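Working notes, structure below.
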Number of protein chains: 2
Amino acid sequence: MTRDDAQALDTADPLARFRDAFDLPRGVIYLDGNSLGPPPLAAHERMAQVTRGEWGDGLIRSWNAAAWIEAPARIGDKIARLIGAKTGEVIVGDSTSVSIFKLAAGALSLRPGRMTLLTETGSFPTDLYALQGLTALLGERVRVKAVAPHDVAAAIDEDTAAVLLTHVHFKSAQRWDLAALTAAAHAKGALVIWDLCHTTGAVALDLNGVEADLAVGCGYKYLNGGPGAPSFLFVAQRHQAAIRSPLWGWMGHAEPFAFEDGYRPAPDIRAQITGTPQVLGLAALEVGVDLQLEADPALVEAKGLALANLFIAEVEARAADPALKLASPRDPAQRGLHVAFTHPQGYALVQAMIARGIIGDFRAPDIARFGFSPLFLSHAQVWDAAHALADILATRAWDRPEFRARAAVT
Amino acid sequence: MTRDDAQALDTADPLARFRDAFDLPRGVIYLDGNSLGPPPLAAHERMAQVTRGEWGDGLIRSWNAAAWIEAPARIGDKIARLIGAKTGEVIVGDSTSVSIFKLAAGALSLRPGRMTLLTETGSFPTDLYALQGLTALLGERVRVKAVAPHDVAAAIDEDTAAVLLTHVHFKSAQRWDLAALTAAAHAKGALVIWDLCHTTGAVALDLNGVEADLAVGCGYKYLNGGPGAPSFLFVAQRHQAAIRSPLWGWMGHAEPFAFEDGYRPAPDIRAQITGTPQVLGLAALEVGVDLQLEADPALVEAKGLALANLFIAEVEARAADPALKLASPRDPAQRGLHVAFTHPQGYALVQAMIARGIIGDFRAPDIARFGFSPLFLSHAQVWDAAHALADILATRAWDRPEFRARAAVT
């Protein structure tokens with residue numbers, strides 16, 4: 001492919017108009033939207049409005065007047081439309097880690113008598129840790145069983161309360177067959193908790209269509225909701241009457257302002273809310289979600305995969321270094337929207353690209369990871385990035401002390 | 001007292017300069033900083049900096065370059081200075097409700113074999129609910145015992161793992177004797193978890209001086225950290241080696257970016273962190289905390305109590321309505337910085353005051369609550385507010401349908 005070919009794809013790109021909706025520094029090619037999405041331009045305006053207008057002028061009145069109190073459910077309903085869920089099935093708040101804890105405990109409440117929480121080794125650490133923390137708290141009543149991904153389906157049995165899986169793997173981008181795994185779990189009477197952190201806003205989803213049970217997702221990656229944005233949590237309507245959150249707080253009460261001494265959970269998804277909504281984070285997130293809702297999820301996924309395919313093809317066609325190895329599935333149907341390459345100097349490689357204005361990230365021990373957010377990237381940018389990577393490898397431009405000196409990375 | 005007397009107090013007020021540091025609407029007398037503090041003017045600038053500069057320009061690099069990753073511990077250390085704690089004893093993140101859950105479970109881990117979590121009836125609901133949720137999760141292993149405040153000290157026994165108390169009561173402003181109750185609990189081998197939501201930034205504290213164990217506090221009240229600001233959590237250094245958080249997440253791991261499958265808690269207060277820090281909320285909170293650090297806590301408390309005393313005296317001297325009753329302790333030594341009056345038409349009363357630009361709030365069933373934040377209120381404003389309340393009562397100005405129609409309130 002020539003750069004002109006890439007530019008021709010941009011001209012025909014039905015999502016091209018979204019590029020102008022983001023605030024990205026000039027000269028930067030941002031291949032890390034899968035870690036932290038950039039701000040929509042509208043987020044700046046909205047944050048000024050919420051801090052000056054709603055907080056400063058409205059003060060306490062804004063809980064009602066600016067509908068802050070409704071934000072967790074309102075934004076949840078919007079996210080529901082992105083993931084194939086119904087109104088009233090999604091709520092926003094707390095970190096992803098805390099939401100996983102809620103759903104893991106919730107799954108146990110839905111499957112009394114079953115003692116196992118099953119998950120995959122090598123998953124995103126917080127998924128494993130949330131389960132481990134829950135079982136450490138509960139003692140011998142339950143256990144975490146972590147098996148290699150290819151052993152997960154066979155490990156589901158009559159003792160499995162729930163399986164927690166990351167739909168798109170944070171390192172490899174390997175994508176689970178969400179429908180098949182859900183059906184396999186249901187066949188054994190188990191639930192599945194889907195971690196959709198690298199899915200939402202990237203890979204098209206139909207949670208209701210596959211009879212998904214529970215899910216959690218991240219606000220600050222492909223939803224472009226801001227650093228540390230609150231997570232969302234999905235509970236299928238058929239589970240809402242029976243599920244019990246472990247984290248009871250005043251905002252999950254049926255009547256928060258009755259100030260009763262005894263907890264009575266809200267009869268719906270609101271029972272999954274715990275404390276006071278984090279208004280500033282929610283405000284930024286809503287801007288990102290609103291923008292995402294303007295794009296057709298099928299087009300989003302198709303463009304992201306096309307960008308990733310372009311990147312892989314151009315890198316592999318030009319990179320002479322045999323130490324560079326694709327660590328993501330070659331088949332796009334089995335992949336999310338990022339691509340991992342391993343290289344012994346993966347860290348320095350990423351630093352050398354950053355020095356050229358191309359921002360990807362590194363994942364220990366040797367992964368250079370590049371994300372292809374469909375809303376703000378162009379084919380020409382991805383072509384440029386691939387050629388830069390090939391050039392850095394060919395010239396060993398990564399081999400400089402300042403690129404090899406490790407700092408804490410995220 | 002005449003209005004001139006009140007103005008003379010303002011002239012002599014050593015905290016007067018702080019009034020210009022806040023963004024408050026003209027014509028508003030804001031007596032609800034105990035529910036949601038107003039924005040420091042510097043918060044607006046800081047939020048623009050964090051969203052445009054750090055998020056937009058810095059993108060993912062800001063986790064290190066803008067020290068986002070350090071925010072929970074950095075802001076925690078600043079709050080430590082406000083509450084008489086040491087560096088490394090306070091961390092910021094999650095909602096107050098979630099933090100209470102962490103500390104309640106943590107207290108159980110520090111007192112194995114003890115089965116009771118003791119608290120007071122009529123406490124802020126989330127305090128009760130967090131304990132109830134924890135015991136519902138743990139089953140018969142532990143129980144919540146809620147007794148009337150005057151029975152708390154006597155109810156502490158050898159089965160008590162911890163006592164959870166709100167230092168300053170959210171309705172009455174009744175203030176616990178923090179030192180005495182802590183000593184009484186320690187005498188029985190029990191811990192105390194202090195809820196400092198209505199204390200921090202208001203009532204001077206010396207947690208280390210009284211050998212406090214555990215505490216939690218709110219960012220959005222007297223710290224003026226923004227709507228739904230993250231809470232803080234204090235664990236005395238002597239407990240940090242043994243305490244175990246129930247909410248394990250990647251940011252509490254000893255090496256978050258090692259991406260290990262097994263959880264190894266950080267060896268210090270960071271083990272209380274769970275998920276990714278909520279950067280936007282933390283940024284606003286830090287501005288409020290920085291401002292608070294410029295004020296002498298003893299002066300802050302003294303001014304707040306003086307304002308509250310002025311309000312009580314002026315209201316009682318002028319209000320002819322015998323249905324209005326002080327529901328807060330008359331002795332300032334037993335009171336925080338807000339004042340509660342009960343009145344059968346408490347809700348309408350608060351609405352009638354809001355219509356005159358004087359914002360307090362209502363707490364069911366009949367409490368009109370007024371907070372006296374020392375940094376941004378003047379004695380003259382409080383004098384005006386007291387006279388407005390007296391006038392509204394004398395003229396029954398509250399008796400209008402639009403004031404009596406209840407909406408959801410916070």
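Each chain of the structure tokens is named A, B, ... in the order shown, its residues numbered from 1; ligands are numbered from 1 in display order.
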
Any idea what's packed within 6 Å of Ala390 (chain A), counting only C-alpha atoms, ignoring anything in its chain fewer than 4 positions away? Could you give it as a PyMOL selection string? chain A and resi 315+318-319

Can you give me chain A superposed onto chain B, least-squares on all Cα in order, written as a compact mmCIF listing (two decimals) with C-alpha atoms, in the first residue's frame?
# COMPACT_ATOMS: atom_id res chain seq x y z
CA MET A 1 -26.10 42.19 68.05
CA THR A 2 -26.51 44.81 65.35
CA ARG A 3 -25.47 44.34 61.75
CA ASP A 4 -22.68 46.85 62.41
CA ASP A 5 -21.42 44.61 65.20
CA ALA A 6 -21.35 41.72 62.75
CA GLN A 7 -19.46 43.80 60.23
CA ALA A 8 -16.96 44.77 62.90
CA LEU A 9 -16.32 41.06 63.49
CA ASP A 10 -15.67 40.66 59.77
CA THR A 11 -13.15 43.49 59.82
CA ALA A 12 -11.24 41.72 62.56
CA ASP A 13 -11.64 38.23 60.99
CA PRO A 14 -8.20 36.66 60.39
CA LEU A 15 -9.78 34.36 57.78
CA ALA A 16 -11.50 37.15 55.85
CA ARG A 17 -9.10 36.96 52.94
CA PHE A 18 -10.32 33.46 52.04
CA ARG A 19 -13.72 34.78 50.97
CA ASP A 20 -12.25 36.10 47.74
CA ALA A 21 -10.85 32.70 46.91
CA PHE A 22 -14.28 31.20 46.17
CA ASP A 23 -16.63 31.38 43.23
CA LEU A 24 -20.02 32.08 44.74
CA PRO A 25 -22.94 33.69 42.93
CA ARG A 26 -23.65 37.31 43.81
CA GLY A 27 -26.51 37.76 46.19
CA VAL A 28 -26.31 34.24 47.55
CA ILE A 29 -25.64 33.45 51.20
CA TYR A 30 -24.48 29.87 51.07
CA LEU A 31 -25.21 27.93 54.23
CA ASP A 32 -24.81 24.53 52.62
CA GLY A 33 -21.07 24.14 52.35
CA ASN A 34 -21.49 21.24 54.75
CA SER A 35 -23.32 19.39 51.99
CA LEU A 36 -21.47 20.64 48.91
CA GLY A 37 -18.69 23.18 49.27
CA PRO A 38 -18.48 25.85 46.55
CA PRO A 39 -15.62 25.88 44.04
CA PRO A 40 -12.43 27.68 44.90
CA LEU A 41 -11.77 30.05 41.98
CA ALA A 42 -8.51 28.21 41.43
CA ALA A 43 -10.47 25.03 40.73
CA HIS A 44 -11.74 26.45 37.45
CA GLU A 45 -8.24 27.19 36.25
CA ARG A 46 -6.98 23.84 37.45
CA MET A 47 -9.77 21.91 35.74
CA ALA A 48 -9.05 23.66 32.44
CA GLN A 49 -5.37 22.81 32.91
CA VAL A 50 -6.04 19.17 33.65
CA THR A 51 -8.51 18.64 30.80
CA ARG A 52 -6.81 20.75 28.10
CA GLY A 53 -3.18 20.51 29.13
CA GLU A 54 -2.72 17.23 30.94
CA TRP A 55 -5.42 15.13 29.32
CA GLY A 56 -5.50 16.79 25.87
CA ASP A 57 -1.83 17.63 25.32
CA GLY A 58 -0.20 15.16 27.68
CA LEU A 59 -2.52 12.25 26.95
CA ILE A 60 -1.34 8.95 28.43
CA ARG A 61 2.03 10.50 29.32
CA SER A 62 0.41 12.54 32.07
CA TRP A 63 0.15 9.51 34.35
CA ASN A 64 3.85 10.10 34.92
CA ALA A 65 4.57 13.58 33.54
CA ALA A 66 1.73 15.22 35.46
CA ALA A 67 2.07 12.77 38.37
CA TRP A 68 -1.53 11.60 38.12
CA ILE A 69 -0.40 8.24 39.43
CA GLU A 70 0.80 9.88 42.63
CA ALA A 71 -2.38 11.87 43.26
CA PRO A 72 -4.05 9.47 45.72
CA ALA A 73 -1.00 9.41 48.01
CA ARG A 74 0.01 13.02 47.40
CA ILE A 75 -3.41 14.43 48.27
CA GLY A 76 -3.66 11.94 51.10
CA ASP A 77 -0.46 13.33 52.59
CA LYS A 78 -1.88 16.83 52.37
CA ILE A 79 -5.10 15.80 54.09
CA ALA A 80 -3.01 14.09 56.76
CA ARG A 81 -1.69 17.52 57.74
CA LEU A 82 -5.26 18.74 58.21
CA ILE A 83 -6.28 15.94 60.55
CA GLY A 84 -3.21 15.38 62.66
CA ALA A 85 -1.95 12.34 60.80
CA LYS A 86 1.46 11.47 59.45
CA THR A 87 2.71 11.26 55.90
CA GLY A 88 1.79 7.84 54.57
CA GLU A 89 -1.30 7.39 56.72
CA VAL A 90 -3.94 8.78 54.36
CA ILE A 91 -4.97 7.84 50.83
CA VAL A 92 -7.63 9.32 48.57
CA GLY A 93 -10.00 7.51 46.25
CA ASP A 94 -13.42 5.84 45.91
CA SER A 95 -16.62 7.09 47.49
CA THR A 96 -17.03 7.48 51.22
CA SER A 97 -19.36 4.48 51.22
CA VAL A 98 -16.79 2.25 49.57
CA SER A 99 -14.07 3.50 51.90
CA ILE A 100 -16.21 2.67 54.94
CA PHE A 101 -16.64 -0.85 53.61
CA LYS A 102 -12.88 -1.16 53.20
CA LEU A 103 -12.18 0.01 56.72
CA ALA A 104 -14.91 -2.10 58.30
CA ALA A 105 -13.54 -5.22 56.65
CA GLY A 106 -10.05 -4.01 57.48
CA ALA A 107 -11.00 -3.66 61.14
CA LEU A 108 -12.22 -7.27 61.19
CA SER A 109 -8.86 -8.36 59.78
CA LEU A 110 -7.12 -6.48 62.59
CA ARG A 111 -9.26 -8.07 65.30
CA PRO A 112 -9.69 -11.71 64.30
CA GLY A 113 -12.15 -13.60 66.45
CA ARG A 114 -14.19 -10.54 67.33
CA MET A 115 -17.57 -10.72 65.64
CA THR A 116 -19.29 -7.39 66.27
CA LEU A 117 -19.23 -4.14 64.36
CA LEU A 118 -20.80 -1.59 66.67
CA THR A 119 -22.39 1.63 65.52
CA GLU A 120 -25.06 4.17 66.44
CA THR A 121 -28.67 4.27 65.29
CA GLY A 122 -29.59 7.37 63.34
CA SER A 123 -26.13 7.70 61.85
CA PHE A 124 -25.66 8.77 58.28
CA PRO A 125 -27.34 5.96 56.36
CA THR A 126 -24.36 4.95 54.28
CA ASP A 127 -22.38 4.19 57.45
CA LEU A 128 -25.06 1.77 58.59
CA TYR A 129 -25.59 0.32 55.12
CA ALA A 130 -21.90 -0.33 54.48
CA LEU A 131 -21.73 -2.39 57.67
CA GLN A 132 -24.99 -4.16 56.92
CA GLY A 133 -23.78 -5.02 53.42
CA LEU A 134 -20.53 -6.39 54.77
CA THR A 135 -22.22 -8.60 57.32
CA ALA A 136 -24.81 -9.77 54.76
CA LEU A 137 -21.86 -10.83 52.62
CA LEU A 138 -19.97 -12.54 55.44
CA GLY A 139 -23.00 -14.33 56.86
CA GLU A 140 -23.05 -15.49 60.43
CA ARG A 141 -19.42 -14.75 61.04
CA VAL A 142 -20.07 -11.16 62.01
CA ARG A 143 -22.93 -8.94 63.03
CA VAL A 144 -23.79 -5.25 63.16
CA LYS A 145 -24.97 -3.91 66.46
CA ALA A 146 -26.55 -0.47 66.26
CA VAL A 147 -27.40 1.20 69.57
CA ALA A 148 -28.50 4.68 70.56
CA PRO A 149 -25.58 7.10 70.82
CA HIS A 150 -25.70 7.30 74.61
CA ASP A 151 -25.46 3.50 74.80
CA VAL A 152 -22.44 3.16 72.53
CA ALA A 153 -19.69 3.38 75.12
CA ALA A 154 -21.34 0.79 77.37
CA ALA A 155 -21.94 -1.55 74.44
CA ILE A 156 -18.26 -1.93 73.58
CA ASP A 157 -17.13 -5.34 74.76
CA GLU A 158 -14.66 -8.13 74.10
CA ASP A 159 -16.55 -9.14 70.97
CA THR A 160 -16.38 -5.68 69.43
CA ALA A 161 -13.94 -5.55 66.53
CA ALA A 162 -14.64 -1.92 65.77
CA VAL A 163 -16.97 0.95 66.51
CA LEU A 164 -18.00 3.10 63.56
CA LEU A 165 -19.10 6.59 64.55
CA THR A 166 -19.76 9.84 62.76
CA HIS A 167 -17.67 12.35 64.65
CA VAL A 168 -20.06 15.21 63.85
CA HIS A 169 -23.62 14.05 63.27
CA PHE A 170 -25.02 14.93 59.84
CA LYS A 171 -28.33 16.14 61.24
CA SER A 172 -27.76 17.46 64.75
CA ALA A 173 -24.06 18.38 64.46
CA GLN A 174 -23.63 16.62 67.81
CA ARG A 175 -19.92 16.00 68.22
CA TRP A 176 -18.47 12.88 69.79
CA ASP A 177 -15.62 13.21 72.25
CA LEU A 178 -13.18 11.62 69.87
CA ALA A 179 -10.40 11.11 72.41
CA ALA A 180 -12.64 9.69 75.12
CA LEU A 181 -14.51 7.28 72.88
CA THR A 182 -11.29 6.11 71.26
CA ALA A 183 -9.79 5.45 74.68
CA ALA A 184 -12.94 3.62 75.82
CA ALA A 185 -12.79 1.36 72.77
CA HIS A 186 -9.09 0.69 73.22
CA ALA A 187 -9.71 -0.25 76.82
CA LYS A 188 -11.80 -3.14 75.51
CA GLY A 189 -9.36 -3.99 72.74
CA ALA A 190 -11.68 -2.59 70.08
CA LEU A 191 -10.86 -0.21 67.26
CA VAL A 192 -12.73 2.93 66.25
CA ILE A 193 -13.49 3.94 62.69
CA TRP A 194 -14.20 7.65 62.67
CA ASP A 195 -16.38 9.06 59.94
CA LEU A 196 -14.98 12.58 59.56
CA CYS A 197 -17.27 13.75 56.75
CA HIS A 198 -18.59 16.74 58.71
CA THR A 199 -15.32 17.27 60.55
CA THR A 200 -12.52 17.62 58.04
CA GLY A 201 -11.87 21.22 57.13
CA ALA A 202 -14.22 22.27 59.91
CA VAL A 203 -13.33 20.93 63.35
CA ALA A 204 -9.67 20.81 64.36
CA LEU A 205 -8.38 17.28 64.76
CA ASP A 206 -5.35 15.46 66.06
CA LEU A 207 -5.79 11.84 65.07
CA ASN A 208 -2.28 10.79 66.07
CA GLY A 209 -2.59 12.65 69.35
CA VAL A 210 -5.56 10.51 70.40
CA GLU A 211 -4.12 7.32 68.91
CA ALA A 212 -6.93 7.02 66.41
CA ASP A 213 -7.03 3.77 64.44
CA LEU A 214 -9.00 4.24 61.26
CA ALA A 215 -10.95 7.08 59.70
CA VAL A 216 -12.73 8.11 56.56
CA GLY A 217 -13.78 11.51 55.32
CA CYS A 218 -15.49 13.36 52.56
CA GLY A 219 -13.93 15.56 49.91
CA TYR A 220 -16.93 17.58 48.81
CA LYS A 221 -18.08 19.26 52.02
CA TYR A 222 -15.74 21.52 53.97
CA LEU A 223 -12.81 20.59 51.74
CA ASN A 224 -14.62 22.15 48.77
CA GLY A 225 -13.39 19.39 46.49
CA GLY A 226 -16.29 19.28 44.05
CA PRO A 227 -19.52 17.31 43.69
CA GLY A 228 -18.92 13.64 44.43
CA ALA A 229 -15.24 14.24 45.16
CA PRO A 230 -13.34 11.14 46.21
CA SER A 231 -13.17 10.33 49.90
CA PHE A 232 -10.06 9.86 51.99
CA LEU A 233 -9.15 7.02 54.26
CA PHE A 234 -6.79 7.00 57.24
CA VAL A 235 -5.01 3.94 58.61
CA ALA A 236 -2.71 4.55 61.55
CA GLN A 237 0.80 3.46 60.73
CA ARG A 238 0.83 0.83 63.49
CA HIS A 239 -2.06 -0.98 61.77
CA GLN A 240 -0.75 -0.90 58.23
CA ALA A 241 1.24 -4.11 58.31
CA ALA A 242 -1.71 -6.21 59.45
CA ILE A 243 -4.77 -4.60 57.93
CA ARG A 244 -6.22 -6.25 54.87
CA SER A 245 -8.41 -4.43 52.38
CA PRO A 246 -11.30 -6.48 50.96
CA LEU A 247 -11.17 -4.61 47.66
CA TRP A 248 -8.08 -5.77 45.85
CA GLY A 249 -7.24 -4.05 42.61
CA TRP A 250 -4.27 -3.42 40.43
CA MET A 251 -3.46 -0.04 41.98
CA GLY A 252 -3.13 -1.56 45.45
CA HIS A 253 -0.58 -4.10 44.26
CA ALA A 254 3.04 -3.78 45.35
CA GLU A 255 4.01 -3.52 41.66
CA PRO A 256 0.97 -2.53 39.61
CA PHE A 257 2.81 -2.63 36.32
CA ALA A 258 4.32 -6.05 36.86
CA PHE A 259 0.93 -7.43 35.80
CA GLU A 260 1.23 -10.46 38.03
CA ASP A 261 -1.58 -12.98 38.32
CA GLY A 262 -1.41 -13.04 42.10
CA TYR A 263 -2.18 -10.11 44.36
CA ARG A 264 0.63 -8.86 46.57
CA PRO A 265 -0.53 -5.82 48.52
CA ALA A 266 1.62 -2.72 48.63
CA PRO A 267 3.48 -2.63 51.95
CA ASP A 268 1.98 0.69 52.96
CA ILE A 269 -1.18 2.81 52.75
CA ARG A 270 -1.29 2.20 48.99
CA ALA A 271 -2.71 -1.24 49.66
CA GLN A 272 -5.96 0.60 50.35
CA ILE A 273 -6.15 1.82 46.76
CA THR A 274 -8.25 -0.34 44.48
CA GLY A 275 -8.76 0.83 40.90
CA THR A 276 -7.43 3.50 38.59
CA PRO A 277 -7.44 6.94 40.25
CA GLN A 278 -10.27 9.24 39.16
CA VAL A 279 -8.06 12.04 37.94
CA LEU A 280 -10.64 14.76 37.28
CA GLY A 281 -12.20 14.45 40.72
CA LEU A 282 -8.79 14.27 42.36
CA ALA A 283 -7.61 17.42 40.58
CA ALA A 284 -10.52 19.48 41.85
CA LEU A 285 -10.18 18.05 45.33
CA GLU A 286 -6.50 18.95 45.51
CA VAL A 287 -7.31 22.61 44.90
CA GLY A 288 -9.72 22.63 47.83
CA VAL A 289 -7.25 20.85 50.07
CA ASP A 290 -4.43 23.20 49.12
CA LEU A 291 -6.59 26.17 50.02
CA GLN A 292 -7.61 24.62 53.32
CA LEU A 293 -3.98 24.05 54.20
CA GLU A 294 -3.41 27.80 54.17
CA ALA A 295 -5.79 28.29 57.09
CA ASP A 296 -5.04 27.55 60.74
CA PRO A 297 -7.43 24.70 61.74
CA ALA A 298 -7.97 26.22 65.19
CA LEU A 299 -9.04 29.53 63.64
CA VAL A 300 -11.28 27.68 61.19
CA GLU A 301 -13.10 25.85 63.95
CA ALA A 302 -13.35 28.95 66.14
CA LYS A 303 -14.82 31.07 63.36
CA GLY A 304 -17.30 28.39 62.33
CA LEU A 305 -18.54 28.01 65.87
CA ALA A 306 -18.76 31.78 66.30
CA LEU A 307 -20.87 32.04 63.13
CA ALA A 308 -23.12 29.25 64.32
CA ASN A 309 -23.47 30.83 67.75
CA LEU A 310 -24.33 34.16 66.14
CA PHE A 311 -26.98 32.48 64.02
CA ILE A 312 -28.57 30.64 66.94
CA ALA A 313 -28.60 33.76 69.12
CA GLU A 314 -30.07 36.05 66.48
CA VAL A 315 -32.70 33.53 65.39
CA GLU A 316 -33.78 32.73 68.94
CA ALA A 317 -33.83 36.38 69.94
CA ARG A 318 -36.12 37.29 67.07
CA ALA A 319 -38.10 34.25 65.95
CA ALA A 320 -41.54 34.44 67.49
CA ASP A 321 -42.60 30.98 66.31
CA PRO A 322 -42.49 28.53 69.24
CA ALA A 323 -42.57 25.62 66.78
CA LEU A 324 -38.97 26.38 65.83
CA LYS A 325 -36.67 24.35 68.06
CA LEU A 326 -32.91 24.11 68.16
CA ALA A 327 -32.01 20.50 67.39
CA SER A 328 -28.26 20.93 67.82
CA PRO A 329 -26.33 21.04 71.09
CA ARG A 330 -26.35 24.49 72.61
CA ASP A 331 -22.82 23.96 73.90
CA PRO A 332 -20.43 24.73 71.02
CA ALA A 333 -17.90 22.28 72.42
CA GLN A 334 -20.35 19.50 71.59
CA ARG A 335 -21.18 20.79 68.14
CA GLY A 336 -19.74 20.77 64.62
CA LEU A 337 -20.10 23.67 62.24
CA HIS A 338 -23.72 23.31 61.23
CA VAL A 339 -26.91 24.00 63.11
CA ALA A 340 -30.21 22.17 62.90
CA PHE A 341 -33.59 23.60 63.77
CA THR A 342 -36.72 21.52 63.69
CA HIS A 343 -39.99 22.98 62.51
CA PRO A 344 -43.14 21.21 61.27
CA GLN A 345 -42.76 23.19 58.04
CA GLY A 346 -39.00 22.70 57.85
CA TYR A 347 -39.07 21.92 54.16
CA ALA A 348 -41.09 25.01 53.20
CA LEU A 349 -38.96 27.14 55.49
CA VAL A 350 -35.80 26.13 53.66
CA GLN A 351 -37.46 26.78 50.31
CA ALA A 352 -38.59 30.24 51.40
CA MET A 353 -35.04 31.07 52.44
CA ILE A 354 -33.67 29.78 49.15
CA ALA A 355 -36.11 32.09 47.38
CA ARG A 356 -34.34 34.93 49.21
CA GLY A 357 -30.93 33.70 48.10
CA ILE A 358 -30.08 32.00 51.40
CA ILE A 359 -29.25 28.39 50.73
CA GLY A 360 -29.51 25.87 53.53
CA ASP A 361 -30.95 22.39 53.26
CA PHE A 362 -33.65 20.15 54.60
CA ARG A 363 -33.25 16.77 56.23
CA ALA A 364 -36.33 14.63 56.67
CA PRO A 365 -38.59 14.67 58.51
CA ASP A 366 -38.48 18.23 59.83
CA ILE A 367 -34.93 19.58 60.02
CA ALA A 368 -33.80 22.87 58.53
CA ARG A 369 -30.03 22.66 58.45
CA PHE A 370 -27.57 25.52 58.07
CA GLY A 371 -23.84 25.11 57.66
CA PHE A 372 -21.27 27.72 58.64
CA SER A 373 -18.24 27.17 56.47
CA PRO A 374 -15.58 29.44 57.92
CA LEU A 375 -13.61 30.17 54.77
CA PHE A 376 -16.23 31.88 52.66
CA LEU A 377 -18.90 33.19 55.04
CA SER A 378 -18.95 36.54 56.79
CA HIS A 379 -20.55 37.41 60.10
CA ALA A 380 -22.73 39.97 58.31
CA GLN A 381 -24.04 37.29 55.95
CA VAL A 382 -24.92 35.06 58.86
CA TRP A 383 -26.62 37.97 60.62
CA ASP A 384 -28.64 38.61 57.45
CA ALA A 385 -29.58 34.95 57.20
CA ALA A 386 -30.75 34.82 60.81
CA HIS A 387 -32.88 37.89 60.34
CA ALA A 388 -34.36 36.51 57.13
CA LEU A 389 -35.31 33.30 58.90
CA ALA A 390 -36.91 35.25 61.74
CA ASP A 391 -38.82 37.37 59.23
CA ILE A 392 -40.01 34.34 57.26
CA LEU A 393 -41.32 32.80 60.46
CA ALA A 394 -42.94 36.02 61.66
CA THR A 395 -44.69 36.64 58.35
CA ARG A 396 -45.38 32.98 57.57
CA ALA A 397 -43.67 33.64 54.26
CA TRP A 398 -43.05 29.91 53.99
CA ASP A 399 -46.77 29.25 53.59
CA ARG A 400 -46.92 29.21 49.81
CA PRO A 401 -47.71 26.19 47.63
CA GLU A 402 -44.46 26.44 45.68
CA PHE A 403 -42.45 26.20 48.88
CA ARG A 404 -44.42 23.27 50.23
CA ALA A 405 -44.24 21.09 47.11
CA ARG A 406 -41.52 18.55 47.80
CA ALA A 407 -38.90 17.56 45.24
CA ALA A 408 -36.06 15.13 45.73
CA VAL A 409 -33.50 16.86 47.89
CA THR A 410 -29.93 16.19 48.84

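Residues of region 197-357 of chain A assigned to strand (DSSP E) by DSSP on this structure's backbone: Leu214, Ala215, Val216, Gly217, Phe232, Leu233, Phe234, Val235, Lys325, Leu326, His338, Val339, Ala340, Phe341 and Thr342 of chain A.
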
Using the chain letters and numbers from this document, which residues of region 64-180 of chain A does DSSP assign to alpha helix (DSSP H), as an NGL selection string? :A and (64-65 or 71-83 or 96-110 or 125-138 or 152-155 or 178-180)
